[in-house]
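Visitor: Contents are mmCIF, N, CA and C atoms; file name coords.cif:
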```
data_work
#
loop_
_atom_site.label_atom_id
_atom_site.label_comp_id
_atom_site.auth_asym_id
_atom_site.auth_seq_id
_atom_site.Cartn_x
_atom_site.Cartn_y
_atom_site.Cartn_z
N MET A 255 21.64 6.87 -72.47
CA MET A 255 22.16 6.98 -73.81
C MET A 255 23.68 7.02 -73.75
N ALA A 256 24.30 6.33 -74.66
CA ALA A 256 25.76 6.25 -74.67
C ALA A 256 26.36 7.54 -75.21
N ILE A 257 27.48 7.92 -74.62
CA ILE A 257 28.20 9.10 -75.10
C ILE A 257 28.86 8.78 -76.43
N ASN A 258 29.43 7.60 -76.52
CA ASN A 258 30.05 7.16 -77.77
C ASN A 258 29.89 5.65 -77.89
N LYS A 259 30.46 5.08 -78.94
CA LYS A 259 30.32 3.65 -79.23
C LYS A 259 30.98 2.78 -78.16
N ASN A 260 31.91 3.33 -77.40
CA ASN A 260 32.66 2.54 -76.43
C ASN A 260 31.93 2.36 -75.09
N HIS A 261 30.82 3.04 -74.90
CA HIS A 261 30.13 2.93 -73.62
C HIS A 261 28.63 2.83 -73.89
N GLU A 262 28.17 1.61 -74.17
CA GLU A 262 26.78 1.37 -74.54
C GLU A 262 26.00 0.80 -73.38
N PHE A 263 24.70 1.07 -73.37
CA PHE A 263 23.79 0.56 -72.35
C PHE A 263 22.61 -0.10 -73.04
N GLU A 264 22.06 -1.12 -72.40
CA GLU A 264 20.83 -1.77 -72.87
C GLU A 264 20.13 -2.39 -71.68
N ASP A 265 18.85 -2.65 -71.86
CA ASP A 265 18.11 -3.42 -70.86
C ASP A 265 18.22 -4.89 -71.24
N LEU A 266 18.86 -5.67 -70.39
CA LEU A 266 19.01 -7.10 -70.59
C LEU A 266 18.24 -7.81 -69.49
N ASN A 267 17.25 -8.59 -69.85
CA ASN A 267 16.39 -9.28 -68.89
C ASN A 267 15.78 -8.32 -67.88
N GLY A 268 15.43 -7.12 -68.34
CA GLY A 268 14.79 -6.14 -67.47
C GLY A 268 15.74 -5.35 -66.59
N LEU A 269 17.04 -5.53 -66.73
CA LEU A 269 18.02 -4.79 -65.92
C LEU A 269 18.84 -3.88 -66.82
N LYS A 270 19.10 -2.67 -66.36
CA LYS A 270 19.95 -1.75 -67.11
C LYS A 270 21.39 -2.25 -66.99
N CYS A 271 22.04 -2.48 -68.14
CA CYS A 271 23.39 -3.06 -68.14
C CYS A 271 24.31 -2.28 -69.05
N ALA A 272 25.58 -2.23 -68.66
CA ALA A 272 26.63 -1.74 -69.56
C ALA A 272 27.01 -2.92 -70.45
N ILE A 273 27.03 -2.71 -71.76
CA ILE A 273 27.33 -3.78 -72.70
C ILE A 273 28.84 -4.01 -72.74
N VAL A 274 29.23 -5.27 -72.55
CA VAL A 274 30.63 -5.65 -72.63
C VAL A 274 30.96 -5.99 -74.08
N GLU A 275 30.22 -6.93 -74.67
CA GLU A 275 30.39 -7.30 -76.07
C GLU A 275 29.08 -7.82 -76.61
N LYS A 276 28.90 -7.67 -77.92
CA LYS A 276 27.70 -8.18 -78.60
C LYS A 276 28.11 -9.21 -79.63
N ASN A 277 27.18 -10.09 -79.95
CA ASN A 277 27.36 -11.11 -80.98
C ASN A 277 28.63 -11.94 -80.77
N VAL A 278 28.79 -12.48 -79.58
CA VAL A 278 29.96 -13.29 -79.27
C VAL A 278 29.56 -14.76 -79.23
N SER A 279 30.53 -15.63 -79.48
CA SER A 279 30.28 -17.07 -79.50
C SER A 279 30.09 -17.60 -78.08
N GLU A 280 29.68 -18.84 -78.02
CA GLU A 280 29.44 -19.48 -76.72
C GLU A 280 30.74 -19.63 -75.93
N GLU A 281 31.86 -19.96 -76.61
CA GLU A 281 33.14 -20.12 -75.93
C GLU A 281 33.62 -18.78 -75.36
N ARG A 282 33.49 -17.72 -76.15
CA ARG A 282 33.91 -16.39 -75.68
C ARG A 282 33.02 -15.93 -74.54
N THR A 283 31.75 -16.25 -74.62
CA THR A 283 30.83 -15.89 -73.54
C THR A 283 31.24 -16.55 -72.23
N ALA A 284 31.59 -17.82 -72.30
CA ALA A 284 32.02 -18.53 -71.08
C ALA A 284 33.30 -17.91 -70.52
N PHE A 285 34.25 -17.56 -71.39
CA PHE A 285 35.51 -16.96 -70.95
C PHE A 285 35.26 -15.62 -70.26
N LEU A 286 34.50 -14.73 -70.92
CA LEU A 286 34.26 -13.39 -70.35
C LEU A 286 33.42 -13.46 -69.08
N LYS A 287 32.44 -14.34 -69.06
CA LYS A 287 31.60 -14.46 -67.87
C LYS A 287 32.43 -14.89 -66.67
N GLU A 288 33.29 -15.89 -66.86
CA GLU A 288 34.14 -16.37 -65.77
C GLU A 288 35.09 -15.27 -65.29
N LEU A 289 35.70 -14.54 -66.24
CA LEU A 289 36.64 -13.48 -65.88
C LEU A 289 35.95 -12.34 -65.15
N LEU A 290 34.79 -11.91 -65.63
CA LEU A 290 34.10 -10.78 -65.01
C LEU A 290 33.51 -11.16 -63.66
N GLU A 291 32.99 -12.37 -63.53
CA GLU A 291 32.46 -12.79 -62.23
C GLU A 291 33.57 -12.94 -61.20
N PHE A 292 34.77 -13.35 -61.63
CA PHE A 292 35.90 -13.42 -60.72
C PHE A 292 36.25 -12.01 -60.20
N ASN A 293 36.05 -11.00 -61.05
CA ASN A 293 36.32 -9.61 -60.66
C ASN A 293 35.10 -8.94 -60.02
N ARG A 294 34.16 -9.74 -59.55
CA ARG A 294 33.00 -9.32 -58.75
C ARG A 294 32.00 -8.45 -59.52
N TYR A 295 31.81 -8.73 -60.79
CA TYR A 295 30.76 -8.07 -61.57
C TYR A 295 29.60 -9.04 -61.71
N THR A 296 28.39 -8.50 -61.72
CA THR A 296 27.22 -9.32 -61.98
C THR A 296 27.02 -9.34 -63.49
N VAL A 297 27.14 -10.52 -64.09
CA VAL A 297 27.11 -10.65 -65.55
C VAL A 297 25.74 -11.13 -65.99
N ILE A 298 25.20 -10.49 -67.02
CA ILE A 298 23.93 -10.88 -67.63
C ILE A 298 24.23 -11.28 -69.08
N VAL A 299 23.81 -12.49 -69.45
CA VAL A 299 24.02 -12.99 -70.82
C VAL A 299 22.67 -13.29 -71.43
N VAL A 300 22.40 -12.72 -72.61
CA VAL A 300 21.17 -13.00 -73.34
C VAL A 300 21.52 -13.36 -74.78
N PRO A 301 20.69 -14.18 -75.42
CA PRO A 301 20.95 -14.49 -76.83
C PRO A 301 20.77 -13.24 -77.69
N SER A 302 21.64 -13.07 -78.66
CA SER A 302 21.53 -11.94 -79.58
C SER A 302 20.39 -12.22 -80.55
N PRO A 303 19.70 -11.17 -80.99
CA PRO A 303 18.65 -11.41 -81.97
C PRO A 303 19.26 -11.88 -83.28
N PRO A 304 18.53 -12.71 -84.03
CA PRO A 304 19.08 -13.20 -85.30
C PRO A 304 19.24 -12.04 -86.28
N PRO A 305 20.19 -12.15 -87.20
CA PRO A 305 20.37 -11.07 -88.16
C PRO A 305 19.15 -10.94 -89.05
N LYS A 306 18.91 -9.73 -89.51
CA LYS A 306 17.76 -9.48 -90.37
C LYS A 306 17.98 -10.16 -91.72
N ALA A 307 16.94 -10.83 -92.20
CA ALA A 307 17.03 -11.53 -93.48
C ALA A 307 16.89 -10.52 -94.62
N VAL A 308 17.69 -10.72 -95.64
CA VAL A 308 17.63 -9.85 -96.80
C VAL A 308 16.65 -10.47 -97.79
N VAL A 309 15.67 -9.68 -98.19
CA VAL A 309 14.68 -10.16 -99.13
C VAL A 309 15.21 -9.96 -100.54
N PRO A 310 15.27 -11.04 -101.35
CA PRO A 310 15.78 -10.86 -102.71
C PRO A 310 14.80 -10.02 -103.52
N PRO A 311 15.31 -9.20 -104.44
CA PRO A 311 14.42 -8.36 -105.24
C PRO A 311 13.56 -9.22 -106.18
N LYS A 312 12.37 -8.73 -106.46
CA LYS A 312 11.48 -9.44 -107.36
C LYS A 312 12.00 -9.32 -108.78
N PRO A 313 11.88 -10.40 -109.59
CA PRO A 313 12.33 -10.30 -110.98
C PRO A 313 11.43 -9.35 -111.76
N VAL A 314 12.03 -8.62 -112.66
CA VAL A 314 11.30 -7.66 -113.47
C VAL A 314 10.79 -8.38 -114.72
N ALA A 315 9.49 -8.23 -114.98
CA ALA A 315 8.90 -8.87 -116.16
C ALA A 315 9.31 -8.10 -117.41
N PRO A 316 9.56 -8.81 -118.54
CA PRO A 316 9.91 -8.09 -119.77
C PRO A 316 8.71 -7.28 -120.25
N PRO A 317 8.97 -6.19 -120.93
CA PRO A 317 7.86 -5.35 -121.40
C PRO A 317 7.00 -6.13 -122.40
N VAL A 318 5.71 -5.89 -122.35
CA VAL A 318 4.75 -6.56 -123.23
C VAL A 318 4.66 -5.77 -124.54
N ALA A 319 4.75 -6.49 -125.65
CA ALA A 319 4.65 -5.83 -126.96
C ALA A 319 3.18 -5.59 -127.30
N ASP A 320 2.92 -4.54 -128.07
CA ASP A 320 1.54 -4.28 -128.45
C ASP A 320 1.10 -5.23 -129.56
N ALA A 321 -0.16 -5.24 -129.91
CA ALA A 321 -0.75 -6.21 -130.84
C ALA A 321 -0.16 -6.11 -132.24
N THR A 322 0.33 -4.97 -132.66
CA THR A 322 0.86 -4.83 -134.02
C THR A 322 2.22 -5.52 -134.16
N GLN A 323 2.93 -5.75 -133.06
CA GLN A 323 4.25 -6.34 -133.13
C GLN A 323 4.25 -7.84 -132.84
N LEU A 324 3.08 -8.43 -132.61
CA LEU A 324 3.01 -9.85 -132.30
C LEU A 324 3.32 -10.68 -133.52
N GLN A 325 4.04 -11.75 -133.31
CA GLN A 325 4.38 -12.67 -134.39
C GLN A 325 3.71 -14.00 -134.08
N PRO A 326 3.45 -14.80 -135.13
CA PRO A 326 2.81 -16.09 -134.86
C PRO A 326 3.75 -16.99 -134.05
N ILE A 327 3.15 -17.77 -133.16
CA ILE A 327 3.92 -18.68 -132.30
C ILE A 327 4.14 -19.98 -133.05
N PRO A 328 5.40 -20.43 -133.15
CA PRO A 328 5.63 -21.70 -133.83
C PRO A 328 5.09 -22.85 -132.99
N THR A 329 4.67 -23.90 -133.65
CA THR A 329 4.14 -25.06 -132.94
C THR A 329 5.29 -25.87 -132.35
N ILE A 330 5.08 -26.39 -131.17
CA ILE A 330 6.11 -27.16 -130.48
C ILE A 330 5.56 -28.55 -130.24
N GLU A 331 6.38 -29.53 -130.52
CA GLU A 331 5.95 -30.91 -130.28
C GLU A 331 5.95 -31.18 -128.78
N PRO A 332 5.00 -31.96 -128.29
CA PRO A 332 4.96 -32.25 -126.86
C PRO A 332 6.18 -33.04 -126.42
N GLN A 333 6.68 -32.73 -125.23
CA GLN A 333 7.85 -33.41 -124.68
C GLN A 333 7.41 -34.25 -123.47
N PRO A 334 8.23 -35.25 -123.13
CA PRO A 334 7.85 -36.07 -121.98
C PRO A 334 7.85 -35.22 -120.70
N ALA A 335 7.09 -35.68 -119.72
CA ALA A 335 6.97 -34.94 -118.45
C ALA A 335 8.32 -34.89 -117.73
N LEU A 336 8.59 -33.76 -117.11
CA LEU A 336 9.83 -33.57 -116.35
C LEU A 336 9.66 -34.14 -114.95
N PRO A 337 10.76 -34.61 -114.35
CA PRO A 337 10.65 -35.08 -112.97
C PRO A 337 10.32 -33.89 -112.05
N PRO A 338 9.76 -34.17 -110.88
CA PRO A 338 9.43 -33.07 -109.98
C PRO A 338 10.70 -32.33 -109.54
N PRO A 339 10.58 -31.03 -109.29
CA PRO A 339 11.78 -30.27 -108.91
C PRO A 339 12.31 -30.74 -107.56
N VAL A 340 13.62 -30.72 -107.46
CA VAL A 340 14.28 -31.11 -106.22
C VAL A 340 14.23 -29.92 -105.26
N PRO A 341 13.75 -30.11 -104.03
CA PRO A 341 13.71 -28.97 -103.11
C PRO A 341 15.12 -28.52 -102.76
N GLU A 342 15.26 -27.20 -102.58
CA GLU A 342 16.56 -26.64 -102.21
C GLU A 342 16.91 -27.08 -100.80
N PRO A 343 18.19 -27.36 -100.55
CA PRO A 343 18.55 -27.76 -99.18
C PRO A 343 18.33 -26.60 -98.22
N LEU A 344 17.86 -26.95 -97.04
CA LEU A 344 17.63 -25.93 -96.03
C LEU A 344 18.96 -25.39 -95.53
N LEU A 345 19.01 -24.10 -95.33
CA LEU A 345 20.23 -23.48 -94.80
C LEU A 345 20.37 -23.85 -93.33
N PRO A 346 21.58 -24.07 -92.89
CA PRO A 346 21.76 -24.37 -91.47
C PRO A 346 21.40 -23.15 -90.65
N PRO A 347 20.94 -23.34 -89.42
CA PRO A 347 20.59 -22.19 -88.60
C PRO A 347 21.84 -21.36 -88.32
N PRO A 348 21.68 -20.05 -88.21
CA PRO A 348 22.85 -19.22 -87.93
C PRO A 348 23.45 -19.60 -86.58
N PRO A 349 24.75 -19.43 -86.42
CA PRO A 349 25.36 -19.78 -85.14
C PRO A 349 24.77 -18.92 -84.03
N SER A 350 24.57 -19.52 -82.89
CA SER A 350 23.98 -18.77 -81.78
C SER A 350 25.03 -17.83 -81.20
N THR A 351 24.66 -16.59 -81.06
CA THR A 351 25.54 -15.59 -80.49
C THR A 351 24.85 -14.95 -79.29
N PHE A 352 25.65 -14.30 -78.48
CA PHE A 352 25.14 -13.76 -77.23
C PHE A 352 25.58 -12.32 -77.04
N THR A 353 24.82 -11.60 -76.23
CA THR A 353 25.17 -10.26 -75.79
C THR A 353 25.51 -10.36 -74.31
N ILE A 354 26.67 -9.81 -73.94
CA ILE A 354 27.13 -9.87 -72.56
C ILE A 354 27.08 -8.46 -71.97
N GLY A 355 26.51 -8.35 -70.79
CA GLY A 355 26.45 -7.07 -70.10
C GLY A 355 26.72 -7.26 -68.62
N VAL A 356 27.07 -6.17 -67.95
CA VAL A 356 27.25 -6.19 -66.50
C VAL A 356 26.32 -5.15 -65.90
N THR A 357 25.85 -5.42 -64.69
CA THR A 357 24.88 -4.52 -64.07
C THR A 357 25.51 -3.22 -63.58
N ASP A 358 26.82 -3.18 -63.47
CA ASP A 358 27.51 -1.94 -63.09
C ASP A 358 27.60 -1.07 -64.34
N VAL A 359 26.74 -0.04 -64.42
CA VAL A 359 26.67 0.76 -65.65
C VAL A 359 27.90 1.66 -65.84
N SER A 360 28.75 1.75 -64.85
CA SER A 360 29.97 2.54 -65.02
C SER A 360 31.09 1.71 -65.65
N PHE A 361 30.85 0.41 -65.88
CA PHE A 361 31.87 -0.46 -66.45
C PHE A 361 32.07 -0.14 -67.92
N ASN A 362 33.33 -0.04 -68.31
CA ASN A 362 33.72 0.15 -69.70
C ASN A 362 34.89 -0.78 -69.94
N PRO A 363 34.78 -1.74 -70.89
CA PRO A 363 35.86 -2.71 -71.07
C PRO A 363 37.19 -2.08 -71.42
N ILE A 364 37.20 -1.03 -72.21
CA ILE A 364 38.46 -0.39 -72.59
C ILE A 364 39.13 0.25 -71.38
N ASN A 365 38.34 0.95 -70.58
CA ASN A 365 38.90 1.56 -69.37
C ASN A 365 39.37 0.50 -68.38
N ALA A 366 38.64 -0.61 -68.30
CA ALA A 366 39.02 -1.68 -67.37
C ALA A 366 40.33 -2.34 -67.78
N ILE A 367 40.56 -2.52 -69.07
CA ILE A 367 41.80 -3.15 -69.54
C ILE A 367 42.98 -2.20 -69.38
N PHE A 368 42.87 -1.00 -69.95
CA PHE A 368 44.00 -0.08 -69.92
C PHE A 368 44.18 0.60 -68.57
N GLY A 369 43.12 0.61 -67.75
CA GLY A 369 43.24 1.12 -66.39
C GLY A 369 43.74 0.06 -65.43
N ARG A 370 43.98 -1.16 -65.96
CA ARG A 370 44.53 -2.27 -65.19
C ARG A 370 43.64 -2.60 -63.98
N LEU A 371 42.31 -2.63 -64.22
CA LEU A 371 41.35 -2.88 -63.15
C LEU A 371 40.95 -4.33 -63.01
N LEU A 372 41.21 -5.15 -64.01
CA LEU A 372 40.81 -6.55 -63.98
C LEU A 372 42.00 -7.45 -63.68
N LYS A 373 41.73 -8.53 -62.96
CA LYS A 373 42.78 -9.51 -62.63
C LYS A 373 42.32 -10.90 -63.06
N THR A 374 43.29 -11.74 -63.36
CA THR A 374 43.01 -13.14 -63.69
C THR A 374 42.94 -13.94 -62.40
N LYS A 375 42.55 -15.20 -62.50
CA LYS A 375 42.51 -16.05 -61.30
C LYS A 375 43.90 -16.28 -60.73
N GLY A 376 44.93 -16.16 -61.57
CA GLY A 376 46.30 -16.32 -61.10
C GLY A 376 46.85 -15.06 -60.44
N GLY A 377 46.06 -13.99 -60.38
CA GLY A 377 46.49 -12.76 -59.73
C GLY A 377 47.20 -11.78 -60.66
N HIS A 378 47.30 -12.10 -61.95
CA HIS A 378 47.95 -11.20 -62.91
C HIS A 378 46.95 -10.18 -63.43
N ILE A 379 47.48 -9.05 -63.87
CA ILE A 379 46.67 -8.01 -64.49
C ILE A 379 46.22 -8.48 -65.87
N VAL A 380 44.96 -8.22 -66.23
CA VAL A 380 44.44 -8.60 -67.55
C VAL A 380 44.99 -7.64 -68.59
N THR A 381 45.65 -8.19 -69.60
CA THR A 381 46.18 -7.37 -70.70
C THR A 381 45.20 -7.43 -71.87
N GLN A 382 45.45 -6.58 -72.85
CA GLN A 382 44.60 -6.56 -74.03
C GLN A 382 44.67 -7.89 -74.79
N ALA A 383 45.86 -8.46 -74.89
CA ALA A 383 46.01 -9.74 -75.58
C ALA A 383 45.27 -10.85 -74.84
N TYR A 384 45.27 -10.83 -73.53
CA TYR A 384 44.54 -11.83 -72.76
C TYR A 384 43.04 -11.63 -72.92
N TRP A 385 42.58 -10.39 -72.89
CA TRP A 385 41.15 -10.10 -73.04
C TRP A 385 40.62 -10.63 -74.37
N TYR A 386 41.39 -10.43 -75.44
CA TYR A 386 40.97 -10.90 -76.76
C TYR A 386 41.39 -12.35 -77.02
N GLN A 387 41.87 -13.02 -76.02
CA GLN A 387 42.24 -14.44 -76.05
C GLN A 387 43.32 -14.74 -77.09
N LYS A 388 44.26 -13.82 -77.24
CA LYS A 388 45.40 -14.05 -78.12
C LYS A 388 46.54 -14.71 -77.35
N GLU A 389 46.53 -14.54 -76.03
CA GLU A 389 47.51 -15.18 -75.15
C GLU A 389 46.77 -15.97 -74.09
N ALA A 390 47.34 -17.11 -73.72
CA ALA A 390 46.71 -17.95 -72.71
C ALA A 390 46.98 -17.43 -71.29
N LEU A 391 48.09 -16.72 -71.11
CA LEU A 391 48.45 -16.17 -69.81
C LEU A 391 48.65 -14.67 -69.92
N SER A 392 48.31 -13.97 -68.85
CA SER A 392 48.50 -12.53 -68.80
C SER A 392 49.71 -12.26 -67.91
N LEU A 393 50.87 -12.00 -68.52
CA LEU A 393 52.10 -11.87 -67.75
C LEU A 393 52.67 -10.46 -67.75
N ASP A 394 51.97 -9.50 -68.29
CA ASP A 394 52.47 -8.13 -68.35
C ASP A 394 52.22 -7.44 -67.01
N GLU A 395 53.23 -7.34 -66.20
CA GLU A 395 53.08 -6.73 -64.88
C GLU A 395 53.54 -5.27 -64.86
N ILE A 396 54.38 -4.88 -65.82
CA ILE A 396 54.88 -3.51 -65.85
C ILE A 396 54.12 -2.73 -66.91
N PRO A 397 53.49 -1.61 -66.54
CA PRO A 397 52.77 -0.81 -67.55
C PRO A 397 53.73 -0.33 -68.63
N TYR A 398 53.20 -0.10 -69.81
CA TYR A 398 54.03 0.31 -70.95
C TYR A 398 54.78 1.63 -70.67
N TYR A 399 54.19 2.51 -69.88
CA TYR A 399 54.80 3.81 -69.64
C TYR A 399 55.90 3.74 -68.59
N GLU A 400 56.05 2.61 -67.89
CA GLU A 400 57.13 2.47 -66.91
C GLU A 400 58.27 1.61 -67.40
N LYS A 401 58.14 1.01 -68.59
CA LYS A 401 59.18 0.15 -69.12
C LYS A 401 60.38 0.97 -69.54
N LYS A 402 61.56 0.46 -69.23
CA LYS A 402 62.81 1.10 -69.62
C LYS A 402 63.12 0.74 -71.07
N LEU A 403 63.51 1.71 -71.82
CA LEU A 403 63.84 1.45 -73.23
C LEU A 403 65.26 1.02 -73.41
#
```
Starting from the file, lay out its structure as structure tokens.

Guide:
Amino acid sequence: MAINKNHEFEDLNGLKCAIVEKNVSEERTAFLKELLEFNRYTVIVVPSPPPKAVVPPKPVAPPVADATQLQPIPTIEPQPALPPPVPEPLLPPPPSTFTIGVTDVSFNPINAIFGRLLKTKGGHIVTQAYWYQKEALSLDEIPYYEKKL
């Protein structure tokens, strides 16, 4: 059981895994898998379950009037037949998302980033911006607490 939201565990393909990220795209999955395998973690990737469908509420029928309040129904002239209803377009399937985990249950992505435990293939320390793919290169070699102001 996880102590908090930052350190989750699940069984992925029958193996107990520390969850790295959930509901990630295929491109992000490839990026994280390559990075974590380079850092010697065994990565397990499984498809995320589809989101739960929301059932629309049933329409409420108008209240039925009692026999004393009924009024005569006016006669209506017959109208030509209507064309068959057009079927609603099918919704596209939801985008496929994945859950990424590592078999090392002591792994925590936040501790790995800020503890400077992960390296890129170029030998640089993985920064938060690189982890979230905001920067193409991880060039921060000096920790924030050692920088001169």

Visitor: Name the residues captured by the PyMOL selection byres ((chain A and resi 259-273) around 8) when it is applied to the shown file; answer as a ChimeraX atom specification.

Guide: /A:255-258,274-276,298-300,353-365

Visitor: Give me the box for range 378-383 of chain A as JSON, namely the centre and edge lengths in Å to one decimal of a box along x, y and z that holds every listed atom plus 5 Å on each side.

Guide:
```
{"center_x": 46.2, "center_y": -9.3, "center_z": -68.8, "size_x": 13.5, "size_y": 15.5, "size_z": 23.6}
```

Visitor: CA of Pro304 in chain A and CA of Pro347 in chain A, how far apart in Å?

Guide: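 Atom-to-atom, CA of Pro347 in chain A to CA of Pro304 in chain A, that is 9.7 Å.
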
Visitor: Where does the PyMOL selection byres (((chain A and resi 385 and name CA) around 12) and name CA) land in this file, that is, which residues does it pick, as a compact mmCIF listing (two decimals) with N, CA and C atoms, keeping the file's coordinate frame?

Guide:
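Output contents, as saved in expr_11.txt:
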```
# COMPACT_ATOMS: atom_id res chain seq x y z
N VAL A 274 29.23 -5.27 -72.55
CA VAL A 274 30.63 -5.65 -72.63
C VAL A 274 30.96 -5.99 -74.08
N GLU A 275 30.22 -6.93 -74.67
CA GLU A 275 30.39 -7.30 -76.07
C GLU A 275 29.08 -7.82 -76.61
N ARG A 282 33.49 -17.72 -76.15
CA ARG A 282 33.91 -16.39 -75.68
C ARG A 282 33.02 -15.93 -74.54
N THR A 283 31.75 -16.25 -74.62
CA THR A 283 30.83 -15.89 -73.54
C THR A 283 31.24 -16.55 -72.23
N PHE A 285 34.25 -17.56 -71.39
CA PHE A 285 35.51 -16.96 -70.95
C PHE A 285 35.26 -15.62 -70.26
N LEU A 286 34.50 -14.73 -70.92
CA LEU A 286 34.26 -13.39 -70.35
C LEU A 286 33.42 -13.46 -69.08
N LYS A 287 32.44 -14.34 -69.06
CA LYS A 287 31.60 -14.46 -67.87
C LYS A 287 32.43 -14.89 -66.67
N GLU A 288 33.29 -15.89 -66.86
CA GLU A 288 34.14 -16.37 -65.77
C GLU A 288 35.09 -15.27 -65.29
N LEU A 289 35.70 -14.54 -66.24
CA LEU A 289 36.64 -13.48 -65.88
C LEU A 289 35.95 -12.34 -65.15
N LEU A 290 34.79 -11.91 -65.63
CA LEU A 290 34.10 -10.78 -65.01
C LEU A 290 33.51 -11.16 -63.66
N PRO A 363 34.78 -1.74 -70.89
CA PRO A 363 35.86 -2.71 -71.07
C PRO A 363 37.19 -2.08 -71.42
N ILE A 364 37.20 -1.03 -72.21
CA ILE A 364 38.46 -0.39 -72.59
C ILE A 364 39.13 0.25 -71.38
N ALA A 366 38.64 -0.61 -68.30
CA ALA A 366 39.02 -1.68 -67.37
C ALA A 366 40.33 -2.34 -67.78
N ILE A 367 40.56 -2.52 -69.07
CA ILE A 367 41.80 -3.15 -69.54
C ILE A 367 42.98 -2.20 -69.38
N PHE A 368 42.87 -1.00 -69.95
CA PHE A 368 44.00 -0.08 -69.92
C PHE A 368 44.18 0.60 -68.57
N ARG A 370 43.98 -1.16 -65.96
CA ARG A 370 44.53 -2.27 -65.19
C ARG A 370 43.64 -2.60 -63.98
N LEU A 372 41.21 -5.15 -64.01
CA LEU A 372 40.81 -6.55 -63.98
C LEU A 372 42.00 -7.45 -63.68
N LYS A 373 41.73 -8.53 -62.96
CA LYS A 373 42.78 -9.51 -62.63
C LYS A 373 42.32 -10.90 -63.06
N THR A 374 43.29 -11.74 -63.36
CA THR A 374 43.01 -13.14 -63.69
C THR A 374 42.94 -13.94 -62.40
N ILE A 379 47.48 -9.05 -63.87
CA ILE A 379 46.67 -8.01 -64.49
C ILE A 379 46.22 -8.48 -65.87
N VAL A 380 44.96 -8.22 -66.23
CA VAL A 380 44.44 -8.60 -67.55
C VAL A 380 44.99 -7.64 -68.59
N THR A 381 45.65 -8.19 -69.60
CA THR A 381 46.18 -7.37 -70.70
C THR A 381 45.20 -7.43 -71.87
N GLN A 382 45.45 -6.58 -72.85
CA GLN A 382 44.60 -6.56 -74.03
C GLN A 382 44.67 -7.89 -74.79
N ALA A 383 45.86 -8.46 -74.89
CA ALA A 383 46.01 -9.74 -75.58
C ALA A 383 45.27 -10.85 -74.84
N TYR A 384 45.27 -10.83 -73.53
CA TYR A 384 44.54 -11.83 -72.76
C TYR A 384 43.04 -11.63 -72.92
N TYR A 386 41.39 -10.43 -75.44
CA TYR A 386 40.97 -10.90 -76.76
C TYR A 386 41.39 -12.35 -77.02
N GLN A 387 41.87 -13.02 -76.02
CA GLN A 387 42.24 -14.44 -76.05
C GLN A 387 43.32 -14.74 -77.09
N LYS A 388 44.26 -13.82 -77.24
CA LYS A 388 45.40 -14.05 -78.12
C LYS A 388 46.54 -14.71 -77.35
N GLU A 389 46.53 -14.54 -76.03
CA GLU A 389 47.51 -15.18 -75.15
C GLU A 389 46.77 -15.97 -74.09
N ALA A 390 47.34 -17.11 -73.72
CA ALA A 390 46.71 -17.95 -72.71
C ALA A 390 46.98 -17.43 -71.29
N LEU A 391 48.09 -16.72 -71.11
CA LEU A 391 48.45 -16.17 -69.81
C LEU A 391 48.65 -14.67 -69.92
N SER A 392 48.31 -13.97 -68.85
CA SER A 392 48.50 -12.53 -68.80
C SER A 392 49.71 -12.26 -67.91
```

Visitor: So the first atom is atom C of Leu393 in chain A and the second is atom N of Glu291 in chain A; what is the distance between them in Å, to one decimal place?

Guide: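 Atom C of Leu393 in chain A sits 20.2 Å away from atom N of Glu291 in chain A.
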
Visitor: What does the distance between atom C of Lys375 in chain A and CA of Phe292 in chain A come to in Å, to one decimal place?

Guide: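 Between these atoms lies a distance of 8.5 Å.
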
Visitor: Between A:Lys312, A:Gln333, A:Asn293, A:Ala284, which is the closest to Gly377 in chain A once you count only C-alpha atoms?

Guide: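 Among the listed residues, the smallest separation from Gly377 in chain A belongs to A:Asn293.
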